[in-house]
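S.K.: What follows is a single structure, and I will ask about it in a moment.
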Amino acid sequence: MPVTERLYYGDSYLKKFVAEVLEAKDGAARLDRSAFYPTSGGQPYDTGLLGGIRVTDVFVGEDGDVWHRTEGALEVGARVSGEIDWARRFDHMQQHAGEHMLAGWIFKRLNGFTIGLHLGAEASTIDVELPGGETRVSEEVISEIEDAVNRDIQRDLPIRCWFPSEEEFKALPLRKPPSVKEHIRVVLIGDELDGECCACGGTHPSSAGQIGLVRVLDVRPSRGKMRVTLV
């Protein structure tokens, strides 16, 4: 069975595309290619239009492929134009890259591992596992980490997203092991010597300066971890 070509892997700035409807059932459609991001890895789905019909959800089905839930039915075999809601997508790109940079500095400064991410409409959160089961750090340390992240943003570090070869992957300074064993996509912010490097399938801007600014709003214990709220 053919699978959907995920166009956002190659170009996270792609806003419009044309695709064929391969299958339709239960109010959702599967396409031969799509720029719509499905809910995954803490990043919410894209919205927009398919064939002029509003997309209300994008998800990975039991078959592992991308499905688009729409307000109206799409005909199998039809060629449809797609357009994503760019304001929502770019906000997710900024938030996701900002989270990577914050998580990277938390790891460098505190040896803390980020184990959970949620991108929200108003703010985002990450859950961090600290050494010794600690769930709090001082406001001074958080301020130092925030400043370090924003200095890197102001440097407009390059952001590269790609599927490295097996040999290339082995040499990368990953912050933590990937959650999958095959078809691993990597995001590198900065260079391979001291940059933020993590396996990730999400969408990101091409450089850190496009994030604008990262601000930590709150840090508190949550379920035995440290929860950091950011914008």
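Residue names in the structure tokens use chain letters A, B, ... in the order shown, residue numbers from 1 in each chain, and ligand numbers from 1 in the order shown.
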Report as a short mmCIF file (atom, residue, chain, number, x, y, z; two decimals) with N, CA and C atoms, in the first residue's frame all protein, DNA and RNA residues lying within 9 Å of Ile142 in chain A, evaluated on only C-alpha atoms, omitting residues in the same chain fewer than 3 positions from it.
M.R.:
data_model
loop_
_atom_site.label_atom_id
_atom_site.label_comp_id
_atom_site.auth_asym_id
_atom_site.auth_seq_id
_atom_site.Cartn_x
_atom_site.Cartn_y
_atom_site.Cartn_z
N ILE A 106 19.36 23.24 29.44
CA ILE A 106 19.06 22.56 30.70
C ILE A 106 19.94 21.32 30.85
N VAL A 137 14.94 24.11 40.92
CA VAL A 137 16.22 24.81 40.83
C VAL A 137 15.94 26.28 41.12
N SER A 138 16.99 27.03 41.41
CA SER A 138 16.82 28.43 41.80
C SER A 138 16.40 29.30 40.62
N GLU A 139 15.75 30.41 40.93
CA GLU A 139 15.39 31.37 39.91
C GLU A 139 16.63 31.91 39.20
N ILE A 145 20.05 30.17 32.36
CA ILE A 145 19.74 29.29 31.23
C ILE A 145 18.95 30.06 30.17
N GLU A 146 17.97 30.82 30.59
CA GLU A 146 17.17 31.62 29.67
C GLU A 146 18.05 32.61 28.90
N ASP A 147 18.97 33.26 29.60
CA ASP A 147 19.89 34.21 28.94
C ASP A 147 20.77 33.50 27.92
N VAL A 216 10.93 31.97 29.99
CA VAL A 216 10.44 30.97 30.94
C VAL A 216 9.44 31.65 31.86
N VAL A 219 8.38 27.53 36.70
CA VAL A 219 9.09 26.27 36.94
C VAL A 219 8.55 25.69 38.25
#
S.K.: Apply DSSP to the backbone of this structure and, from range 35-193 of chain A, keep only the residues in helix (DSSP H, G or I); write these as a PyMOL selection string.
M.R.: chain A and resi 86-110+131-133+139-154+166-171
S.K.: Quick one, how far is CA of Asp65 in chain A from CA of Glu182 in chain A?
M.R.: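 Calculated distance between CA of Asp65 in chain A and CA of Glu182 in chain A is 15.7 Å.
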S.K.: Taking only residues of range 174-224 of chain A that have an atom at most 12 Å from an atom of range 10-19 of chain A, what is each one's shortest atom pair and its distance in Å to one decimal, using only C-alpha atoms, in chain and number order, as a Markdown table?
M.R.:
| residue | atom | partner | partner_atom | distance |
| --- | --- | --- | --- | --- |
| A:Arg185 | CA | A:Gly10 | CA | 11.1 |
| A:Gly201 | CA | A:Ser12 | CA | 11.0 |
| A:Gly202 | CA | A:Ser12 | CA | 9.0 |
| A:Thr203 | CA | A:Ser12 | CA | 5.7 |
| A:His204 | CA | A:Ser12 | CA | 6.7 |
| A:Pro205 | CA | A:Ser12 | CA | 7.3 |
| A:Ser206 | CA | A:Ser12 | CA | 8.7 |
S.K.: Write the residues you've just listed into a file as a PDB file, in the first residue's frame, and include N, CA, C and O atoms for each of them.
M.R.:
ATOM      1  N   ARG A 185      15.267  10.983  12.005  1.00  0.00           N
ATOM      2  CA  ARG A 185      15.479  12.355  11.557  1.00  0.00           C
ATOM      3  C   ARG A 185      16.120  13.147  12.696  1.00  0.00           C
ATOM      4  O   ARG A 185      15.714  13.023  13.851  1.00  0.00           O
ATOM      5  N   GLY A 201      11.053  14.613  14.663  1.00  0.00           N
ATOM      6  CA  GLY A 201      10.325  14.618  13.400  1.00  0.00           C
ATOM      7  C   GLY A 201       9.502  15.867  13.185  1.00  0.00           C
ATOM      8  O   GLY A 201       8.740  15.945  12.227  1.00  0.00           O
ATOM      9  N   GLY A 202       9.640  16.862  14.084  1.00  0.00           N
ATOM     10  CA  GLY A 202       8.820  18.063  14.006  1.00  0.00           C
ATOM     11  C   GLY A 202       9.295  19.076  12.979  1.00  0.00           C
ATOM     12  O   GLY A 202      10.283  18.873  12.281  1.00  0.00           O
ATOM     13  N   THR A 203       8.567  20.180  12.893  1.00  0.00           N
ATOM     14  CA  THR A 203       8.908  21.249  11.964  1.00  0.00           C
ATOM     15  C   THR A 203       9.627  22.372  12.708  1.00  0.00           C
ATOM     16  O   THR A 203       9.277  22.689  13.847  1.00  0.00           O
ATOM     17  N   HIS A 204      10.616  22.967  12.037  1.00  0.00           N
ATOM     18  CA  HIS A 204      11.441  23.998  12.659  1.00  0.00           C
ATOM     19  C   HIS A 204      11.809  25.067  11.634  1.00  0.00           C
ATOM     20  O   HIS A 204      11.862  24.779  10.433  1.00  0.00           O
ATOM     21  N   PRO A 205      12.115  26.291  12.097  1.00  0.00           N
ATOM     22  CA  PRO A 205      12.608  27.315  11.173  1.00  0.00           C
ATOM     23  C   PRO A 205      14.022  26.972  10.723  1.00  0.00           C
ATOM     24  O   PRO A 205      14.664  26.067  11.272  1.00  0.00           O
ATOM     25  N   SER A 206      14.525  27.685   9.749  1.00  0.00           N
ATOM     26  CA  SER A 206      15.849  27.394   9.198  1.00  0.00           C
ATOM     27  C   SER A 206      16.978  28.049   9.982  1.00  0.00           C
ATOM     28  O   SER A 206      18.143  27.730   9.766  1.00  0.00           O
TER      29      SER A 206
END
S.K.: May I have the residues within 10 Å of Leu110 in chain A as a PyMOL selection string, using only C-alpha atoms and disregarding those fewer than 6 positions away in the same chain?
M.R.: chain A and resi 104+129-131+137+141+145
S.K.: Dump all heavy atoms for the selected residues as a PDB file, in the first residue's frame?
M.R.:
ATOM      1  N   GLY A 104      18.282  21.918  25.499  1.00  0.00           N
ATOM      2  CA  GLY A 104      19.714  21.724  25.324  1.00  0.00           C
ATOM      3  C   GLY A 104      20.526  22.396  26.420  1.00  0.00           C
ATOM      4  O   GLY A 104      21.481  21.818  26.953  1.00  0.00           O
ATOM      5  N   GLU A 129      13.692  15.572  33.807  1.00  0.00           N
ATOM      6  CA  GLU A 129      14.169  14.645  34.833  1.00  0.00           C
ATOM      7  C   GLU A 129      15.564  15.082  35.254  1.00  0.00           C
ATOM      8  O   GLU A 129      16.507  15.030  34.456  1.00  0.00           O
ATOM      9  CB  GLU A 129      14.190  13.222  34.286  1.00  0.00           C
ATOM     10  CG  GLU A 129      14.412  12.152  35.327  1.00  0.00           C
ATOM     11  CD  GLU A 129      14.227  10.762  34.743  1.00  0.00           C
ATOM     12  OE1 GLU A 129      15.059  10.381  33.894  1.00  0.00           O
ATOM     13  OE2 GLU A 129      13.255  10.083  35.109  1.00  0.00           O
ATOM     14  N   LEU A 130      15.706  15.533  36.505  1.00  0.00           N
ATOM     15  CA  LEU A 130      16.977  16.031  37.015  1.00  0.00           C
ATOM     16  C   LEU A 130      17.707  14.945  37.797  1.00  0.00           C
ATOM     17  O   LEU A 130      17.081  14.027  38.331  1.00  0.00           O
ATOM     18  CB  LEU A 130      16.747  17.246  37.914  1.00  0.00           C
ATOM     19  CG  LEU A 130      16.187  18.505  37.248  1.00  0.00           C
ATOM     20  CD1 LEU A 130      15.849  19.549  38.307  1.00  0.00           C
ATOM     21  CD2 LEU A 130      17.177  19.066  36.241  1.00  0.00           C
ATOM     22  N   PRO A 131      19.039  15.035  37.897  1.00  0.00           N
ATOM     23  CA  PRO A 131      19.810  14.056  38.681  1.00  0.00           C
ATOM     24  C   PRO A 131      19.334  14.020  40.133  1.00  0.00           C
ATOM     25  O   PRO A 131      18.996  15.056  40.717  1.00  0.00           O
ATOM     26  CB  PRO A 131      21.240  14.584  38.587  1.00  0.00           C
ATOM     27  CG  PRO A 131      21.276  15.381  37.333  1.00  0.00           C
ATOM     28  CD  PRO A 131      19.915  16.012  37.229  1.00  0.00           C
ATOM     29  N   VAL A 137      14.935  24.106  40.917  1.00  0.00           N
ATOM     30  CA  VAL A 137      16.218  24.808  40.825  1.00  0.00           C
ATOM     31  C   VAL A 137      15.942  26.278  41.124  1.00  0.00           C
ATOM     32  O   VAL A 137      14.794  26.730  41.103  1.00  0.00           O
ATOM     33  CB  VAL A 137      16.867  24.662  39.431  1.00  0.00           C
ATOM     34  CG1 VAL A 137      17.236  23.213  39.157  1.00  0.00           C
ATOM     35  CG2 VAL A 137      15.959  25.194  38.344  1.00  0.00           C
ATOM     36  N   VAL A 141      19.432  30.290  38.513  1.00  0.00           N
ATOM     37  CA  VAL A 141      19.886  29.309  37.516  1.00  0.00           C
ATOM     38  C   VAL A 141      18.978  29.336  36.293  1.00  0.00           C
ATOM     39  O   VAL A 141      19.462  29.306  35.148  1.00  0.00           O
ATOM     40  CB  VAL A 141      19.933  27.892  38.131  1.00  0.00           C
ATOM     41  CG1 VAL A 141      20.137  26.844  37.039  1.00  0.00           C
ATOM     42  CG2 VAL A 141      21.046  27.797  39.162  1.00  0.00           C
ATOM     43  N   ILE A 145      20.046  30.166  32.356  1.00  0.00           N
ATOM     44  CA  ILE A 145      19.737  29.295  31.226  1.00  0.00           C
ATOM     45  C   ILE A 145      18.950  30.062  30.169  1.00  0.00           C
ATOM     46  O   ILE A 145      19.242  29.969  28.966  1.00  0.00           O
ATOM     47  CB  ILE A 145      18.953  28.057  31.711  1.00  0.00           C
ATOM     48  CG1 ILE A 145      19.872  27.155  32.538  1.00  0.00           C
ATOM     49  CG2 ILE A 145      18.353  27.290  30.527  1.00  0.00           C
ATOM     50  CD1 ILE A 145      19.152  26.001  33.229  1.00  0.00           C
TER      51      ILE A 145
END
S.K.: Write out, as a tab-separated table, each residue of range 32-136 of chain A that has an atom at most 12 Å from range 151-157 of chain A, together with the closest pair of atoms and their distance in Å to one decimal, counting only C-alpha atoms, rows going by chain and rising number.
M.R.:
residue	atom	partner	partner_atom	distance
A:Gln94	CA	A:Ile153	CA	11.1
A:Ala97	CA	A:Ile153	CA	10.1
A:Gly98	CA	A:Ile153	CA	8.6
A:Glu99	CA	A:Ile153	CA	11.9
A:His100	CA	A:Ile153	CA	11.6
A:Met101	CA	A:Asp152	CA	8.4
A:Leu102	CA	A:Asp152	CA	10.3
A:Gly104	CA	A:Asp152	CA	11.2
A:Trp105	CA	A:Asp152	CA	10.2
S.K.: Kindly save the residues from that selection, with N, CA, C and O atoms included, as a PDB file, in the first residue's frame.
M.R.:
ATOM      1  N   GLN A  94       8.365  27.897  15.684  1.00  0.00           N
ATOM      2  CA  GLN A  94       9.104  28.732  16.637  1.00  0.00           C
ATOM      3  C   GLN A  94       9.148  28.089  18.018  1.00  0.00           C
ATOM      4  O   GLN A  94      10.204  28.014  18.657  1.00  0.00           O
ATOM      5  N   ALA A  97      11.418  24.791  18.067  1.00  0.00           N
ATOM      6  CA  ALA A  97      12.855  25.075  18.040  1.00  0.00           C
ATOM      7  C   ALA A  97      13.303  25.739  19.334  1.00  0.00           C
ATOM      8  O   ALA A  97      14.388  25.440  19.864  1.00  0.00           O
ATOM      9  N   GLY A  98      12.466  26.639  19.874  1.00  0.00           N
ATOM     10  CA  GLY A  98      12.797  27.265  21.145  1.00  0.00           C
ATOM     11  C   GLY A  98      12.884  26.255  22.270  1.00  0.00           C
ATOM     12  O   GLY A  98      13.769  26.321  23.134  1.00  0.00           O
ATOM     13  N   GLU A  99      11.969  25.288  22.248  1.00  0.00           N
ATOM     14  CA  GLU A  99      12.008  24.216  23.253  1.00  0.00           C
ATOM     15  C   GLU A  99      13.282  23.405  23.138  1.00  0.00           C
ATOM     16  O   GLU A  99      13.894  23.054  24.151  1.00  0.00           O
ATOM     17  N   HIS A 100      13.708  23.091  21.924  1.00  0.00           N
ATOM     18  CA  HIS A 100      14.954  22.352  21.736  1.00  0.00           C
ATOM     19  C   HIS A 100      16.129  23.100  22.367  1.00  0.00           C
ATOM     20  O   HIS A 100      16.968  22.503  23.048  1.00  0.00           O
ATOM     21  N   MET A 101      16.192  24.396  22.124  1.00  0.00           N
ATOM     22  CA  MET A 101      17.317  25.180  22.625  1.00  0.00           C
ATOM     23  C   MET A 101      17.290  25.261  24.149  1.00  0.00           C
ATOM     24  O   MET A 101      18.331  25.160  24.810  1.00  0.00           O
ATOM     25  N   LEU A 102      16.100  25.426  24.729  1.00  0.00           N
ATOM     26  CA  LEU A 102      15.985  25.470  26.184  1.00  0.00           C
ATOM     27  C   LEU A 102      16.351  24.117  26.782  1.00  0.00           C
ATOM     28  O   LEU A 102      17.112  24.040  27.765  1.00  0.00           O
ATOM     29  N   GLY A 104      18.282  21.918  25.499  1.00  0.00           N
ATOM     30  CA  GLY A 104      19.714  21.724  25.324  1.00  0.00           C
ATOM     31  C   GLY A 104      20.526  22.396  26.420  1.00  0.00           C
ATOM     32  O   GLY A 104      21.481  21.818  26.953  1.00  0.00           O
ATOM     33  N   TRP A 105      20.138  23.604  26.788  1.00  0.00           N
ATOM     34  CA  TRP A 105      20.862  24.320  27.841  1.00  0.00           C
ATOM     35  C   TRP A 105      20.557  23.756  29.223  1.00  0.00           C
ATOM     36  O   TRP A 105      21.423  23.779  30.123  1.00  0.00           O
TER      37      TRP A 105
END
S.K.: Please, which residues of range 2-226 of chain A, numbered as in this document, come out strand (DSSP E) from DSSP, as a short mmCIF file (atom, residue, chain, number, x, y, z; two decimals) with N, CA, C and O atoms, in the first residue's frame?
M.R.:
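Everything below was put into part-v6.cif:
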data_model
loop_
_atom_site.label_atom_id
_atom_site.label_comp_id
_atom_site.auth_asym_id
_atom_site.auth_seq_id
_atom_site.Cartn_x
_atom_site.Cartn_y
_atom_site.Cartn_z
N GLU A 5 3.67 10.74 1.22
CA GLU A 5 4.96 11.44 1.24
C GLU A 5 4.81 12.67 2.13
O GLU A 5 3.97 13.54 1.89
N ARG A 6 5.60 12.74 3.18
CA ARG A 6 5.49 13.83 4.14
C ARG A 6 6.34 15.02 3.66
O ARG A 6 7.55 15.07 3.90
N LYS A 16 1.45 25.40 0.24
CA LYS A 16 0.44 24.90 -0.69
C LYS A 16 0.99 23.69 -1.44
O LYS A 16 2.19 23.63 -1.73
N PHE A 17 0.13 22.76 -1.82
CA PHE A 17 0.54 21.57 -2.56
C PHE A 17 -0.69 20.97 -3.24
O PHE A 17 -1.83 21.34 -2.96
N VAL A 18 -0.46 20.04 -4.15
CA VAL A 18 -1.53 19.30 -4.82
C VAL A 18 -1.29 17.82 -4.59
O VAL A 18 -0.15 17.35 -4.66
N ALA A 19 -2.36 17.07 -4.30
CA ALA A 19 -2.21 15.65 -3.99
C ALA A 19 -3.41 14.86 -4.50
O ALA A 19 -4.45 15.41 -4.85
N GLU A 20 -3.24 13.53 -4.52
CA GLU A 20 -4.33 12.62 -4.89
C GLU A 20 -4.88 11.96 -3.64
O GLU A 20 -4.12 11.55 -2.76
N VAL A 21 -6.19 11.84 -3.57
CA VAL A 21 -6.84 11.15 -2.45
C VAL A 21 -6.73 9.65 -2.69
O VAL A 21 -7.31 9.12 -3.65
N LEU A 22 -6.02 8.94 -1.83
CA LEU A 22 -5.82 7.50 -1.98
C LEU A 22 -6.91 6.69 -1.31
O LEU A 22 -7.28 5.60 -1.78
N GLU A 23 -7.44 7.20 -0.20
CA GLU A 23 -8.41 6.44 0.59
C GLU A 23 -9.22 7.42 1.42
O GLU A 23 -8.70 8.44 1.87
N ALA A 24 -10.48 7.10 1.66
CA ALA A 24 -11.34 7.93 2.50
C ALA A 24 -12.27 7.04 3.31
O ALA A 24 -12.91 6.14 2.76
N LYS A 25 -12.30 7.28 4.62
CA LYS A 25 -13.19 6.50 5.49
C LYS A 25 -13.35 7.22 6.83
O LYS A 25 -12.45 7.92 7.29
N ALA A 28 -12.26 10.81 7.28
CA ALA A 28 -10.85 11.16 7.13
C ALA A 28 -10.32 10.65 5.80
O ALA A 28 -10.86 9.70 5.22
N ALA A 29 -9.27 11.29 5.30
CA ALA A 29 -8.70 10.93 4.00
C ALA A 29 -7.20 10.75 4.10
O ALA A 29 -6.52 11.41 4.89
N ARG A 30 -6.70 9.83 3.26
CA ARG A 30 -5.27 9.59 3.14
C ARG A 30 -4.84 10.01 1.75
O ARG A 30 -5.50 9.67 0.76
N LEU A 31 -3.73 10.76 1.66
CA LEU A 31 -3.26 11.31 0.39
C LEU A 31 -1.95 10.67 -0.04
O LEU A 31 -1.27 10.02 0.76
N ARG A 33 0.55 12.53 -0.96
CA ARG A 33 1.56 13.47 -0.46
C ARG A 33 0.84 14.54 0.35
O ARG A 33 -0.31 14.86 0.08
N SER A 34 1.53 15.07 1.36
CA SER A 34 0.87 16.07 2.20
C SER A 34 1.89 16.95 2.92
O SER A 34 2.95 16.47 3.34
N GLY A 48 -6.07 23.82 8.07
CA GLY A 48 -6.04 24.47 6.77
C GLY A 48 -7.15 23.96 5.90
O GLY A 48 -8.24 23.62 6.39
N LEU A 49 -6.90 23.87 4.59
CA LEU A 49 -7.92 23.46 3.62
C LEU A 49 -7.41 22.35 2.71
O LEU A 49 -6.24 22.36 2.32
N LEU A 50 -8.31 21.43 2.36
CA LEU A 50 -8.05 20.40 1.35
C LEU A 50 -9.22 20.42 0.37
O LEU A 50 -10.36 20.16 0.77
N ILE A 53 -12.10 22.34 1.52
CA ILE A 53 -12.79 21.84 2.71
C ILE A 53 -11.87 21.97 3.92
O ILE A 53 -10.69 21.63 3.84
N ARG A 54 -12.39 22.44 5.03
CA ARG A 54 -11.57 22.70 6.21
C ARG A 54 -11.06 21.40 6.83
O ARG A 54 -11.82 20.44 7.03
N VAL A 55 -9.77 21.39 7.16
CA VAL A 55 -9.13 20.27 7.85
C VAL A 55 -9.23 20.52 9.35
O VAL A 55 -8.79 21.56 9.85
N THR A 56 -9.82 19.57 10.07
CA THR A 56 -10.04 19.75 11.51
C THR A 56 -9.11 18.91 12.37
O THR A 56 -9.00 19.14 13.58
N ASP A 57 -8.41 17.95 11.78
CA ASP A 57 -7.48 17.12 12.54
C ASP A 57 -6.56 16.40 11.55
O ASP A 57 -6.98 16.07 10.43
N VAL A 58 -5.33 16.18 11.96
CA VAL A 58 -4.38 15.40 11.17
C VAL A 58 -3.70 14.45 12.15
O VAL A 58 -3.18 14.89 13.18
N PHE A 59 -3.71 13.16 11.85
CA PHE A 59 -3.21 12.19 12.82
C PHE A 59 -2.56 11.01 12.11
O PHE A 59 -2.76 10.79 10.90
N VAL A 60 -1.78 10.26 12.85
CA VAL A 60 -1.16 9.04 12.35
C VAL A 60 -2.09 7.89 12.71
O VAL A 60 -2.39 7.65 13.89
N VAL A 66 -0.41 9.03 7.46
CA VAL A 66 -1.03 10.30 7.82
C VAL A 66 -2.47 10.36 7.31
O VAL A 66 -2.72 10.13 6.13
N TRP A 67 -3.38 10.72 8.20
CA TRP A 67 -4.80 10.86 7.85
C TRP A 67 -5.27 12.28 8.16
O TRP A 67 -4.83 12.89 9.14
N HIS A 68 -6.17 12.79 7.31
CA HIS A 68 -6.69 14.15 7.43
C HIS A 68 -8.20 14.10 7.66
O HIS A 68 -8.92 13.64 6.78
N ARG A 69 -8.64 14.57 8.82
CA ARG A 69 -10.07 14.63 9.08
C ARG A 69 -10.59 15.97 8.56
O ARG A 69 -10.01 17.02 8.85
N THR A 70 -11.67 15.93 7.80
CA THR A 70 -12.19 17.14 7.16
C THR A 70 -13.67 17.33 7.47
O THR A 70 -14.37 16.38 7.83
N ARG A 79 -7.90 14.77 -7.47
CA ARG A 79 -6.74 15.62 -7.23
C ARG A 79 -7.22 16.85 -6.46
O ARG A 79 -8.15 17.53 -6.91
N VAL A 80 -6.63 17.10 -5.33
CA VAL A 80 -7.08 18.21 -4.49
C VAL A 80 -5.91 19.13 -4.16
O VAL A 80 -4.75 18.69 -4.08
N SER A 81 -6.21 20.38 -4.00
CA SER A 81 -5.19 21.34 -3.56
C SER A 81 -5.25 21.46 -2.04
O SER A 81 -6.34 21.42 -1.45
N GLY A 82 -4.09 21.59 -1.43
CA GLY A 82 -4.02 21.73 0.01
C GLY A 82 -3.34 23.03 0.39
O GLY A 82 -2.43 23.49 -0.31
N GLU A 83 -3.79 23.63 1.46
CA GLU A 83 -3.16 24.85 1.98
C GLU A 83 -3.21 24.82 3.49
O GLU A 83 -4.27 24.70 4.09
N ILE A 84 -2.04 24.90 4.12
CA ILE A 84 -1.99 24.84 5.58
C ILE A 84 -2.18 26.24 6.17
O ILE A 84 -1.92 27.25 5.51
N PHE A 113 17.33 15.76 31.68
CA PHE A 113 16.80 15.18 30.45
C PHE A 113 15.34 15.57 30.27
O PHE A 113 14.52 15.33 31.16
N THR A 114 15.02 16.15 29.14
CA THR A 114 13.63 16.48 28.82
C THR A 114 12.93 15.22 28.34
O THR A 114 13.34 14.60 27.37
N ILE A 115 11.85 14.85 29.03
CA ILE A 115 11.16 13.60 28.71
C ILE A 115 9.74 13.82 28.22
O ILE A 115 9.06 12.88 27.83
N GLY A 116 9.28 15.06 28.22
CA GLY A 116 7.93 15.34 27.76
C GLY A 116 7.81 16.74 27.22
O GLY A 116 8.45 17.67 27.73
N LEU A 117 7.03 16.92 26.16
CA LEU A 117 6.82 18.23 25.53
C LEU A 117 5.36 18.39 25.17
O LEU A 117 4.73 17.46 24.69
N HIS A 118 4.82 19.59 25.41
CA HIS A 118 3.49 19.93 24.94
C HIS A 118 3.50 21.35 24.42
O HIS A 118 3.79 22.29 25.18
N LEU A 119 3.21 21.52 23.13
CA LEU A 119 3.10 22.85 22.54
C LEU A 119 1.65 23.30 22.63
O LEU A 119 0.76 22.64 22.11
N SER A 124 3.94 26.72 26.17
CA SER A 124 4.36 25.33 26.02
C SER A 124 5.00 24.86 27.32
O SER A 124 5.43 25.66 28.15
N THR A 125 5.05 23.54 27.50
CA THR A 125 5.67 22.99 28.70
C THR A 125 6.62 21.85 28.33
O THR A 125 6.40 21.14 27.35
N ILE A 126 7.66 21.70 29.13
CA ILE A 126 8.53 20.53 29.05
C ILE A 126 8.68 19.95 30.45
O ILE A 126 8.68 20.69 31.44
N ASP A 127 8.76 18.65 30.53
CA ASP A 127 9.00 17.96 31.79
C ASP A 127 10.43 17.46 31.79
O ASP A 127 10.87 16.80 30.84
N VAL A 128 11.16 17.80 32.86
CA VAL A 128 12.58 17.52 32.92
C VAL A 128 12.90 16.59 34.09
O VAL A 128 12.41 16.79 35.20
N GLU A 129 13.69 15.57 33.81
CA GLU A 129 14.17 14.65 34.83
C GLU A 129 15.56 15.08 35.25
O GLU A 129 16.51 15.03 34.46
N ILE A 159 19.76 26.11 11.63
CA ILE A 159 19.02 24.92 12.06
C ILE A 159 18.92 23.97 10.87
O ILE A 159 18.38 24.33 9.82
N ARG A 160 19.45 22.78 11.05
CA ARG A 160 19.45 21.79 9.99
C ARG A 160 18.59 20.60 10.42
O ARG A 160 18.75 20.07 11.53
N CYS A 161 17.69 20.13 9.53
CA CYS A 161 16.85 18.96 9.78
C CYS A 161 17.06 17.97 8.64
O CYS A 161 16.83 18.32 7.48
N TRP A 162 17.46 16.74 8.96
CA TRP A 162 17.75 15.78 7.89
C TRP A 162 17.78 14.35 8.43
O TRP A 162 17.77 14.12 9.63
N VAL A 186 17.10 13.97 12.36
CA VAL A 186 17.86 14.72 13.36
C VAL A 186 17.71 16.22 13.14
O VAL A 186 17.67 16.69 11.99
N VAL A 187 17.62 16.96 14.23
CA VAL A 187 17.62 18.42 14.19
C VAL A 187 18.88 18.91 14.90
O VAL A 187 19.14 18.54 16.04
N LEU A 188 19.66 19.72 14.19
CA LEU A 188 20.90 20.28 14.74
C LEU A 188 20.80 21.80 14.71
O LEU A 188 20.60 22.39 13.65
N ILE A 189 20.95 22.41 15.88
CA ILE A 189 20.93 23.87 15.98
C ILE A 189 22.34 24.32 16.35
O ILE A 189 22.83 24.02 17.44
N GLU A 196 23.00 22.16 19.71
CA GLU A 196 21.90 21.35 20.23
C GLU A 196 21.52 20.33 19.16
O GLU A 196 21.16 20.69 18.04
N CYS A 197 21.61 19.04 19.51
CA CYS A 197 21.41 17.97 18.53
C CYS A 197 20.48 16.92 19.13
O CYS A 197 20.75 16.38 20.21
N CYS A 198 19.38 16.66 18.42
CA CYS A 198 18.38 15.75 18.96
C CYS A 198 17.58 15.11 17.82
O CYS A 198 17.34 15.75 16.80
N ALA A 199 17.19 13.86 18.00
CA ALA A 199 16.30 13.22 17.03
C ALA A 199 14.91 13.82 17.16
O ALA A 199 14.39 13.95 18.27
N VAL A 216 10.93 31.97 29.99
CA VAL A 216 10.44 30.97 30.94
C VAL A 216 9.44 31.65 31.86
O VAL A 216 9.76 32.62 32.55
N LEU A 217 8.21 31.14 31.89
CA LEU A 217 7.15 31.73 32.68
C LEU A 217 7.02 31.13 34.06
O LEU A 217 6.67 31.81 35.03
N ASP A 218 7.33 29.83 34.17
CA ASP A 218 7.09 29.14 35.45
C ASP A 218 7.91 27.86 35.50
O ASP A 218 8.12 27.20 34.48
N VAL A 219 8.38 27.53 36.70
CA VAL A 219 9.09 26.27 36.94
C VAL A 219 8.55 25.69 38.25
O VAL A 219 8.59 26.37 39.28
N ARG A 220 8.07 24.45 38.19
CA ARG A 220 7.51 23.85 39.40
C ARG A 220 7.57 22.33 39.32
O ARG A 220 7.67 21.76 38.23
N PRO A 221 7.50 21.63 40.49
CA PRO A 221 7.45 20.17 40.47
C PRO A 221 6.16 19.67 39.85
O PRO A 221 5.10 20.29 40.02
N SER A 222 6.24 18.55 39.14
CA SER A 222 5.06 17.93 38.55
C SER A 222 5.31 16.44 38.36
O SER A 222 6.18 16.05 37.57
N LYS A 225 8.82 15.22 38.43
CA LYS A 225 9.74 15.87 37.47
C LYS A 225 9.66 17.37 37.67
O LYS A 225 8.87 17.90 38.46
N MET A 226 10.49 18.11 36.95
CA MET A 226 10.43 19.57 36.95
C MET A 226 9.72 20.01 35.68
O MET A 226 10.19 19.73 34.58
#
S.K.: Using only C-alpha atoms, can you tell me which of A:Val3, A:Leu172, A:Leu213, A:Ala148 comes closest to Arg109 in chain A?
M.R.: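 For Arg109 in chain A, the nearest of the candidates is A:Ala148.
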S.K.: With only C-alpha atoms as the atoms that count, which of A:Arg175, A:Asn111, A:Ser165, A:Gly64 lies nearest to Pro2 in chain A?
M.R.: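 The answer is A:Gly64, which sits nearest to Pro2 in chain A.
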